[in-house]
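> Provided herewith: final.csv, CSV, C-alpha atoms.
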chain,number,residue,atom,x,y,z
A,29,MET,CA,-40.8,-62.3,-19.8
A,30,GLU,CA,-37.4,-64.0,-19.5
A,31,THR,CA,-36.2,-66.5,-17.0
A,32,LYS,CA,-32.7,-67.5,-15.9
A,33,TYR,CA,-31.0,-68.8,-12.8
A,34,GLY,CA,-34.5,-69.3,-11.3
A,35,PHE,CA,-35.3,-65.6,-11.6
A,36,THR,CA,-37.9,-64.0,-14.0
A,37,LYS,CA,-37.4,-60.6,-15.6
A,38,MET,CA,-40.5,-58.5,-16.5
A,39,THR,CA,-41.5,-55.2,-17.8
A,40,VAL,CA,-43.9,-53.2,-15.7
A,41,PRO,CA,-47.0,-54.2,-17.7
A,42,GLU,CA,-45.9,-57.8,-17.5
A,43,PHE,CA,-45.4,-57.5,-13.8
A,44,GLU,CA,-48.9,-56.0,-13.3
A,45,THR,CA,-50.5,-58.9,-15.1
A,46,TRP,CA,-48.4,-61.5,-13.3
A,47,ILE,CA,-48.9,-60.2,-9.8
A,48,SER,CA,-52.7,-59.8,-10.3
A,49,ASN,CA,-52.9,-63.5,-11.2
A,50,LEU,CA,-50.4,-64.8,-8.6
A,51,ARG,CA,-51.8,-66.9,-5.8
A,52,VAL,CA,-50.2,-66.1,-2.4
A,53,GLY,CA,-51.3,-67.8,0.8
A,54,ARG,CA,-49.3,-65.6,3.1
A,55,THR,CA,-51.1,-62.5,4.3
A,56,ILE,CA,-49.2,-59.3,3.3
A,57,LEU,CA,-49.4,-56.1,5.4
A,58,LYS,CA,-46.3,-54.1,4.3
A,59,VAL,CA,-44.1,-53.3,1.3
A,60,GLN,CA,-40.5,-52.4,2.2
A,61,GLN,CA,-38.5,-50.0,0.1
A,62,HIS,CA,-34.7,-50.4,-0.1
A,63,HIS,CA,-31.8,-49.5,-2.3
A,64,THR,CA,-29.0,-51.9,-3.1
A,65,TYR,CA,-26.3,-49.3,-2.5
A,66,VAL,CA,-23.8,-51.8,-3.8
A,67,PRO,CA,-24.3,-52.8,-6.6
A,68,SER,CA,-24.9,-49.3,-7.9
A,69,TYR,CA,-25.4,-47.9,-11.4
A,70,VAL,CA,-21.7,-48.4,-12.3
A,71,HIS,CA,-22.3,-52.1,-12.0
A,72,PHE,CA,-25.2,-52.2,-14.4
A,73,THR,CA,-24.4,-52.7,-18.1
A,74,GLY,CA,-28.0,-52.7,-19.4
A,75,ASN,CA,-28.1,-56.5,-20.0
A,76,ASN,CA,-26.7,-58.1,-16.9
A,77,HIS,CA,-29.9,-58.2,-14.8
A,78,PHE,CA,-29.6,-61.9,-14.1
A,79,ASP,CA,-25.9,-61.9,-13.3
A,80,ARG,CA,-26.4,-59.1,-10.8
A,81,GLN,CA,-29.4,-60.8,-9.2
A,82,LEU,CA,-27.4,-64.1,-8.9
A,83,ALA,CA,-24.5,-62.2,-7.4
A,84,MET,CA,-26.8,-60.7,-4.7
A,85,LYS,CA,-28.2,-64.1,-4.0
A,86,ASN,CA,-24.8,-65.7,-3.7
A,87,PHE,CA,-23.7,-63.0,-1.3
A,88,HIS,CA,-26.9,-63.3,0.8
A,89,VAL,CA,-26.6,-67.1,1.0
A,90,ASN,CA,-22.8,-67.5,1.4
A,91,GLN,CA,-21.9,-64.4,3.3
A,92,ASN,CA,-25.0,-63.6,5.3
A,93,GLY,CA,-26.1,-67.2,5.8
A,94,TRP,CA,-29.6,-66.6,4.6
A,95,GLN,CA,-31.6,-69.4,2.9
A,96,ASP,CA,-32.1,-67.4,-0.3
A,97,ILE,CA,-31.8,-63.9,-1.8
A,98,GLY,CA,-33.1,-61.4,0.7
A,99,GLN,CA,-35.6,-59.5,-1.5
A,100,HIS,CA,-38.7,-60.5,-3.4
A,101,PHE,CA,-38.1,-58.1,-6.3
A,102,THR,CA,-35.3,-55.9,-7.7
A,103,ILE,CA,-36.2,-52.9,-9.8
A,104,PHE,CA,-33.4,-52.0,-12.3
A,105,PRO,CA,-32.3,-48.7,-13.8
A,106,ASP,CA,-34.0,-49.6,-17.1
A,107,GLY,CA,-37.4,-50.0,-15.4
A,108,THR,CA,-37.5,-53.8,-15.5
A,109,VAL,CA,-38.1,-55.9,-12.4
A,110,VAL,CA,-36.5,-59.3,-11.5
A,111,THR,CA,-38.1,-61.7,-9.1
A,112,GLY,CA,-36.2,-63.0,-6.1
A,113,ARG,CA,-37.3,-65.2,-3.2
A,114,SER,CA,-40.8,-66.7,-3.2
A,115,LEU,CA,-43.6,-64.5,-1.9
A,116,GLU,CA,-44.6,-67.3,0.4
A,117,ASN,CA,-41.4,-66.6,2.4
A,118,SER,CA,-40.8,-63.6,4.5
A,119,PRO,CA,-37.9,-61.4,3.3
A,120,ALA,CA,-34.5,-61.0,5.1
A,121,CYS,CA,-34.2,-57.3,4.8
A,122,ILE,CA,-35.1,-55.4,8.1
A,123,LEU,CA,-34.1,-57.0,11.4
A,124,ASN,CA,-37.2,-58.3,13.3
A,125,GLN,CA,-39.6,-56.5,10.8
A,126,ASN,CA,-39.9,-59.0,8.0
A,127,ALA,CA,-43.1,-60.9,8.9
A,128,TYR,CA,-46.0,-60.1,6.6
A,129,ALA,CA,-43.8,-58.0,4.3
A,130,ILE,CA,-42.7,-57.8,0.7
A,131,CYS,CA,-39.2,-56.5,0.1
A,132,ILE,CA,-38.3,-54.3,-3.0
A,133,GLU,CA,-34.6,-53.6,-3.6
A,134,ASN,CA,-34.2,-50.7,-6.0
A,135,PHE,CA,-30.9,-51.2,-7.9
A,136,GLY,CA,-28.6,-48.2,-7.2
A,137,ASN,CA,-27.2,-45.9,-4.6
A,138,PHE,CA,-29.8,-43.2,-4.0
A,139,ASP,CA,-27.9,-41.2,-1.3
A,140,GLN,CA,-27.2,-37.5,-2.0
A,141,ASN,CA,-24.4,-37.0,-4.6
A,142,ALA,CA,-24.6,-40.6,-5.7
A,143,ASP,CA,-26.7,-42.2,-8.5
A,144,VAL,CA,-29.4,-40.1,-10.2
A,145,MET,CA,-32.4,-42.3,-10.6
A,146,THR,CA,-33.5,-42.7,-14.2
A,147,ASN,CA,-37.1,-41.7,-15.0
A,148,VAL,CA,-37.9,-45.2,-16.2
A,149,GLN,CA,-36.8,-46.7,-12.9
A,150,LYS,CA,-38.7,-44.0,-11.0
A,151,ASP,CA,-41.9,-44.8,-12.9
A,152,ALA,CA,-41.3,-48.5,-12.4
A,153,ILE,CA,-40.9,-48.1,-8.6
A,154,ILE,CA,-44.2,-46.2,-8.4
A,155,ALA,CA,-46.1,-48.6,-10.7
A,156,ILE,CA,-44.8,-51.8,-9.0
A,157,THR,CA,-45.5,-50.4,-5.5
A,158,ALA,CA,-49.1,-49.4,-6.6
A,159,ALA,CA,-49.6,-52.9,-8.2
A,160,LEU,CA,-48.6,-54.5,-4.9
A,161,CYS,CA,-50.9,-52.2,-2.9
A,162,LYS,CA,-53.8,-53.1,-5.2
A,163,ARG,CA,-53.1,-56.8,-5.2
A,164,PHE,CA,-52.8,-57.1,-1.4
A,165,ASN,CA,-55.4,-54.4,-0.4
A,166,LEU,CA,-52.8,-52.2,1.3
A,167,PRO,CA,-53.6,-48.5,2.0
A,168,VAL,CA,-51.0,-46.1,0.8
A,169,ASN,CA,-49.5,-44.8,4.1
A,170,SER,CA,-46.3,-45.0,6.1
A,171,ASN,CA,-47.5,-48.1,8.0
A,172,SER,CA,-48.1,-50.2,4.8
A,173,ILE,CA,-45.2,-48.8,2.8
A,174,VAL,CA,-42.0,-48.5,4.9
A,175,TYR,CA,-38.5,-47.4,4.3
A,176,HIS,CA,-35.6,-49.3,5.9
A,177,HIS,CA,-34.3,-46.0,7.3
A,178,TRP,CA,-37.2,-45.9,9.8
A,179,PHE,CA,-35.9,-48.9,11.8
A,180,ARG,CA,-32.8,-49.1,14.0
A,181,LEU,CA,-30.0,-51.2,12.4
A,182,ASP,CA,-29.1,-53.1,15.6
A,183,ASN,CA,-32.6,-54.3,16.8
A,184,GLY,CA,-35.2,-53.3,14.1
A,185,VAL,CA,-37.1,-51.0,16.5
A,186,ARG,CA,-39.0,-48.3,14.6
A,187,ASN,CA,-37.7,-44.8,15.4
A,188,ASN,CA,-38.3,-43.1,12.1
A,189,GLY,CA,-34.6,-42.4,11.5
A,190,THR,CA,-33.6,-40.7,14.7
A,191,GLY,CA,-30.5,-42.7,15.4
A,192,ASN,CA,-28.5,-45.8,14.5
A,193,ASN,CA,-30.2,-46.2,11.2
A,194,LYS,CA,-29.1,-47.0,7.6
A,195,SER,CA,-29.8,-44.4,5.0
A,196,CYS,CA,-31.6,-47.0,2.9
A,197,PRO,CA,-33.5,-46.5,0.5
A,198,GLY,CA,-31.3,-43.4,0.2
A,199,THR,CA,-31.2,-39.8,1.4
A,200,ASN,CA,-32.3,-38.7,-2.1
A,201,PHE,CA,-34.9,-41.4,-2.7
A,202,PHE,CA,-37.8,-39.5,-4.1
A,203,GLY,CA,-36.6,-36.4,-2.3
A,204,GLY,CA,-35.6,-38.0,1.0
A,205,ASN,CA,-35.8,-40.9,3.3
A,206,LYS,CA,-37.8,-39.5,6.2
A,207,VAL,CA,-41.5,-40.1,6.9
A,208,PRO,CA,-42.5,-36.5,5.8
A,209,ASP,CA,-40.5,-37.1,2.6
A,210,PHE,CA,-42.6,-40.2,2.0
A,211,ASP,CA,-45.9,-38.4,2.8
A,212,THR,CA,-45.0,-35.4,0.5
A,213,ASN,CA,-43.1,-37.0,-2.4
A,214,PHE,CA,-43.7,-40.7,-2.7
A,215,ALA,CA,-47.2,-41.6,-1.4
A,216,PRO,CA,-49.0,-39.1,-3.7
A,217,LEU,CA,-47.3,-40.6,-6.7
A,218,VAL,CA,-48.4,-44.1,-5.7
A,219,ARG,CA,-52.0,-42.9,-5.1
A,220,ALA,CA,-52.1,-41.2,-8.4
A,221,LYS,CA,-50.9,-44.4,-10.1
A,222,LEU,CA,-53.7,-46.3,-8.5
A,223,GLY,CA,-56.1,-43.7,-10.0
A,224,ASN,CA,-59.5,-45.3,-10.5
A,225,HIS,CA,-58.5,-48.5,-8.7
A,226,PRO,CA,-58.9,-47.6,-5.0
A,227,ILE,CA,-57.9,-50.1,-2.4
A,228,LYS,CA,-60.9,-52.3,-1.6
A,229,THR,CA,-60.7,-54.3,1.6
A,230,ASP,CA,-63.7,-56.7,1.6
A,231,SER,CA,-63.0,-59.4,4.2
A,232,SER,CA,-66.6,-60.5,4.5
A,233,ALA,CA,-65.8,-63.9,3.0
A,234,ILE,CA,-63.0,-64.6,5.5
A,235,THR,CA,-64.1,-66.7,8.4
A,236,LYS,CA,-60.8,-66.4,10.4
A,237,TYR,CA,-57.1,-66.2,10.2
A,238,VAL,CA,-54.5,-68.9,11.1
A,239,CYS,CA,-50.8,-69.0,11.5
A,240,VAL,CA,-48.8,-71.9,10.0
A,241,THR,CA,-46.9,-74.0,12.6
A,242,ALA,CA,-45.2,-76.4,10.2
A,243,ASN,CA,-41.9,-75.7,8.5
A,244,SER,CA,-43.6,-76.2,5.1
A,245,LEU,CA,-47.3,-76.7,4.7
A,246,ASN,CA,-48.5,-78.3,1.4
A,247,VAL,CA,-51.6,-76.9,-0.3
A,248,ARG,CA,-53.9,-79.6,-1.7
A,249,THR,CA,-56.7,-79.4,-4.3
A,250,GLU,CA,-59.2,-81.1,-2.0
A,251,PRO,CA,-59.7,-81.4,1.8
A,252,ASP,CA,-57.9,-84.7,1.9
A,253,GLY,CA,-54.3,-85.8,2.5
A,254,GLY,CA,-54.4,-88.1,-0.5
A,255,SER,CA,-55.5,-85.4,-3.0
A,256,PRO,CA,-52.9,-83.8,-5.3
A,257,LYS,CA,-50.8,-80.8,-4.3
A,258,ALA,CA,-51.8,-77.5,-5.9
A,259,THR,CA,-49.6,-76.9,-8.9
A,260,ASP,CA,-50.2,-73.2,-9.1
A,261,ARG,CA,-48.9,-72.2,-5.7
A,262,ALA,CA,-45.9,-73.1,-3.5
A,263,ALA,CA,-46.0,-74.8,-0.1
A,264,ILE,CA,-46.4,-72.2,2.7
A,265,ALA,CA,-43.7,-71.5,5.2
A,266,LEU,CA,-43.7,-71.4,9.0
A,267,GLY,CA,-45.2,-68.3,10.5
A,268,ALA,CA,-47.3,-67.3,7.5
A,269,ILE,CA,-50.8,-65.9,8.3
A,270,LEU,CA,-53.5,-67.5,6.1
A,271,ARG,CA,-57.0,-66.4,5.3
A,272,VAL,CA,-59.6,-69.1,5.9
A,273,TYR,CA,-62.8,-69.2,3.8
A,274,GLU,CA,-64.2,-72.6,4.7
A,275,GLU,CA,-63.5,-75.5,7.1
A,276,LYS,CA,-64.2,-79.1,6.4
A,277,ASP,CA,-63.2,-82.3,8.2
A,278,GLY,CA,-60.1,-80.8,9.7
A,279,TRP,CA,-59.1,-78.9,6.6
A,280,LEU,CA,-59.1,-75.2,5.8
A,281,LYS,CA,-59.9,-73.6,2.4
A,282,ILE,CA,-57.4,-70.8,1.9
A,283,SER,CA,-58.7,-69.3,-1.4
A,284,ASN,CA,-62.1,-67.7,-2.1
A,285,THR,CA,-62.0,-68.7,-5.7
A,286,GLN,CA,-59.9,-71.9,-6.0
A,287,SER,CA,-60.1,-75.3,-4.3
A,288,ASN,CA,-56.9,-74.9,-2.2
A,289,TRP,CA,-56.8,-76.6,1.2
A,290,VAL,CA,-54.4,-77.0,4.1
A,291,ALA,CA,-54.5,-79.3,7.1
A,292,ALA,CA,-55.8,-77.4,10.1
A,293,ARG,CA,-53.7,-79.4,12.6
A,294,TYR,CA,-50.6,-77.5,11.2
A,295,THR,CA,-52.1,-74.1,12.1
A,296,ILE,CA,-53.2,-72.1,15.1
A,297,ALA,CA,-56.0,-69.5,15.1
A,298,VAL,CA,-55.0,-65.8,15.3
A,299,LYS,CA,-57.0,-62.5,15.3
A,300,ARG,CA,-56.4,-59.5,13.2
A,301,ALA,CA,-56.2,-56.2,15.2
A,302,THR,CA,-55.3,-52.5,14.7
A,303,VAL,CA,-53.2,-50.4,17.1
A,304,ASN,CA,-55.1,-47.5,18.6
A,305,ALA,CA,-52.3,-45.9,20.5
A,306,THR,CA,-50.0,-43.2,19.0
A,307,ILE,CA,-47.0,-45.3,19.9
A,308,LEU,CA,-47.4,-48.8,21.3
A,309,ASN,CA,-44.5,-50.5,23.1
A,310,VAL,CA,-43.8,-54.2,22.4
A,311,ARG,CA,-42.4,-56.2,25.3
A,312,THR,CA,-40.9,-59.6,25.8
A,313,GLY,CA,-43.7,-60.7,28.1
A,314,PRO,CA,-47.2,-59.9,29.3
A,315,GLY,CA,-46.3,-57.1,31.8
A,316,THR,CA,-44.6,-53.7,32.1
A,317,ASN,CA,-41.7,-55.4,33.9
A,318,PHE,CA,-40.6,-57.1,30.7
A,319,PRO,CA,-38.1,-55.3,28.5
A,320,LYS,CA,-39.2,-53.2,25.5
A,321,VAL,CA,-38.1,-54.7,22.2
A,322,ASP,CA,-40.1,-52.8,19.6
A,323,ARG,CA,-42.7,-50.1,19.1
A,324,ILE,CA,-45.7,-49.9,16.8
A,325,GLU,CA,-47.3,-46.9,15.3
A,326,LYS,CA,-51.0,-45.9,15.4
A,327,ASP,CA,-53.2,-47.8,12.8
A,328,GLU,CA,-50.6,-50.5,12.2
A,329,GLU,CA,-52.1,-53.9,11.9
A,330,VAL,CA,-51.0,-56.9,14.0
A,331,PHE,CA,-52.1,-60.5,14.5
A,332,VAL,CA,-52.9,-61.7,18.1
A,333,PHE,CA,-51.9,-65.2,19.0
A,334,GLU,CA,-53.2,-65.3,22.5
A,335,THR,CA,-54.3,-63.0,25.3
A,336,GLN,CA,-53.2,-63.1,29.0
A,337,ASN,CA,-54.2,-60.8,31.8
A,338,GLY,CA,-54.8,-57.8,29.6
A,339,TRP,CA,-51.9,-58.5,27.2
A,340,CYS,CA,-51.8,-59.8,23.7
A,341,LYS,CA,-49.1,-61.9,22.1
A,342,ILE,CA,-48.4,-60.7,18.6
A,343,ASP,CA,-45.8,-63.2,17.3
A,344,LEU,CA,-44.8,-66.8,17.4
A,345,GLY,CA,-42.0,-65.6,19.7
A,346,GLU,CA,-42.2,-63.5,22.8
A,347,LYS,CA,-43.7,-60.2,21.6
A,348,TRP,CA,-46.5,-58.7,23.8
A,349,VAL,CA,-48.6,-55.5,23.8
A,350,MET,CA,-51.3,-54.2,26.1
A,351,GLN,CA,-54.7,-55.4,25.0
A,352,SER,CA,-56.4,-52.0,25.6
A,353,TYR,CA,-54.3,-50.4,22.8
A,354,VAL,CA,-55.5,-52.7,20.0
A,355,ASN,CA,-58.9,-52.9,18.4
A,356,PHE,CA,-60.1,-56.3,17.1
What does this structure look like when you write it as structure tokens?

Amino acid sequence: METKYGFTKMTVPEFETWISNLRVGRTILKVQQHHTYVPSYVHFTGNNHFDRQLAMKNFHVNQNGWQDIGQHFTIFPDGTVVTGRSLENSPACILNQNAYAICIENFGNFDQNADVMTNVQKDAIIAITAALCKRFNLPVNSNSIVYHHWFRLDNGVRNNGTGNNKSCPGTNFFGGNKVPDFDTNFAPLVRAKLGNHPIKTDSSAITKYVCVTANSLNVRTEPDGGSPKATDRAAIALGAILRVYEEKDGWLKISNTQSNWVAARYTIAVKRATVNATILNVRTGPGTNFPKVDRIEKDEEVFVFETQNGWCKIDLGEKWVMQSYVNF
């Protein structure tokens, strides 16, 4: 590993070890796949990983007005991966679709007749995606691994690339950027990489889920405001969904193996649910008279913040779905 400018560069084996040991409070439901487009292969010299990552951060902060670099990871043509923003923070990569997501930017332009992806980068993308699925118990499907192309550019509504979409992660990304391309070309490679390590989703130890309502919530080593902050994990950002394993004196234990606690008064309880409709419309209020702002595909997971007259609120903001189309 090598660190510079606050970023860490790793080989795939180093990443696999690092991610398996990393403590993340935020519940992850999706991995986003992107390509950088610019910079492309012509901008990579073989040893300028940190300079290119810093340039992307500077653009995202100074030009886009974001708080940090948009992505969590960048995978380079030589098969190495460089860290970006903290995994405790949502990415800034797909409009209105960043909650509960991890963002991967694959360095290059993978549209037709542009960069030809190197084999080592191809292997790294597969391996890192598989490692993230394993670490966060994500099934390998088109709800858990998503391409930017599947969401409208202007409002983030998922339309699977039928109009007003970017080509990202590229029209030639593992044979194409459509959902059938993912199902045929990319998903089988990720499943094969997982091999004898199937996704195991054992939530029996989780007592409930909560959403963070503070701008930054400290994690402490004991259920007490005077105890030291945990040194092996960052503070948790507003809107993060946490898994709760124990409650004590107004504190919540958010790790099943470590003594990591947060103050309950800075959270609200939510319920995890799965969409049972083929396509579920998301509206700005609890009724069909409210405008549609998004749509969710069958088997996608959501968190329910409140219910009202047969409707479920699925966001800190105003996003509502019909209760009969979700299973708790």
> Looking at all atoms listed in the file, which of A:Gln286, A:Thr36, A:Gln99, A:Asn49 is the one that sits closest to Glu250 in chain A?
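Distance minimum relative to Glu250 in chain A lands on A:Gln286.
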> Name the residues in contact with Val185 in chain A at a cut-off of 8 Å, using only C-alpha atoms, excluding same-chain residues fewer than 6 positions from it; report them as a list in words.
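What passes the distance filter is Asn124, Phe179, Val321, Asp322 and Arg323 of chain A.
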> For Thr146 in chain A, which of A:Gln95, A:His88, A:Thr312, A:Tyr69 is the closest residue, counting all atoms listed in the file?
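Of all the options, A:Tyr69 lies closest to Thr146 in chain A.
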> Can you pull out the residues contacting Asn169 in chain A? Cut-off 10 Å, using all atoms listed in the file, and skip same-chain residues under 2 positions away; I want them as a list in words.
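Listed by chain and then number, they are Lys58, Leu166, Pro167, Asn171, Ser172, Ile173, Val174, Val207, Phe210, Asp211, Phe214, Ala215, Pro216, Val218, Arg219, Asp327 and Glu328 of chain A.
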> Measuring atom to atom with only C-alpha atoms, identify which of A:Glu334, A:Glu325, A:Glu42, A:Glu274 is nearest to Val298 in chain A.
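Under the stated criterion, the closest residue is A:Glu334.
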